[in-house]
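To start, the structure under review is shown below, and the notes come after it.
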Amino acid sequence: MAKTEGVTLYECDRCASKEYIKPGSSGGHFWHTITRIDAEGVQTSRLLCETCYQDYTGLIKQHDEEFQTFMKGGKK
């Protein structure tokens, strides 16, 4: 059995998928830390795998469009 030292375990906060990544490898590029501020003004950070990050970016684009629509509704 081989022994590998100095690896980092990544675990998605949404789907719980896991991956061990060696420092300097390209695997870490497929993991994304996102930051969100909720309606109460509380900021949280989450780690997402590539698949969940793609789903998240779709959600954020939808929220951006809704916000722009909301802002246009206040103009007179």
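Residue numbering restarts at 1 for every chain of the structure tokens, chains are lettered A, B, ... in their displayed order, and ligands are numbered from 1 as they appear.
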
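Across stretch 1-74 of chain A, DSSP run on the backbone finds alpha helix (DSSP H) at Glu50, Thr51, Cys52, Tyr53, Gln54, Asp55, Tyr56, Thr57, Gly58, Leu59, Ile60, Lys61, Gln62, His63, Asp64, Glu65, Glu66, Phe67, Gln68, Thr69, Phe70, Met71 and Lys72 of chain A.
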
Separation of atom CA of A:Thr8 from atom CA of A:Pro23 in Å: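 The value is 7.5 Å.
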
Computed interatomic separation between atom CA of A:Cys52 and atom CA of A:Thr69 (Å):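 Atom CA of A:Thr69 lies 25.9 Å from atom CA of A:Cys52.
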
Who sits within 12 Å of A:Asp55, only C-alpha atoms, same chain under 6 positions skipped, as number ranges by chain: A: 14-15, 48-49, 61-62

Just to be explicit: take each residue in the selection above, keep N, CA and C atoms, and write the result as a compact mmCIF listing (two decimals), in the first residue's frame.
# COMPACT_ATOMS: atom_id res chain seq x y z
N ARG A 14 -22.28 21.21 -1.18
CA ARG A 14 -23.63 20.95 -1.69
C ARG A 14 -23.90 19.45 -1.85
N CYS A 15 -23.04 18.76 -2.61
CA CYS A 15 -23.32 17.35 -2.93
C CYS A 15 -22.44 16.37 -2.15
N LEU A 48 -17.56 24.49 -3.63
CA LEU A 48 -18.38 23.73 -4.58
C LEU A 48 -17.49 23.01 -5.59
N CYS A 49 -17.90 21.78 -5.94
CA CYS A 49 -17.25 21.06 -7.02
C CYS A 49 -17.64 21.73 -8.34
N LYS A 61 -27.04 33.94 -12.26
CA LYS A 61 -27.46 34.70 -13.45
C LYS A 61 -28.95 35.00 -13.39
N GLN A 62 -29.73 34.02 -12.97
CA GLN A 62 -31.18 34.22 -12.83
C GLN A 62 -31.46 35.30 -11.78

Counting only C-alpha atoms, the residue of A:Leu59, A:Ile37, A:Met71, A:Leu47 that sits nearest A:Ser17: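 Ranking A:Leu59, A:Ile37, A:Met71, A:Leu47 by distance to A:Ser17, first place goes to A:Leu47.
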
Nearest residue to A:Tyr53 from the set A:Ala2, A:Ala39, A:Trp31, A:Gly24 (distances using only C-alpha atoms):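 Among the listed residues, the smallest separation from A:Tyr53 belongs to A:Trp31.
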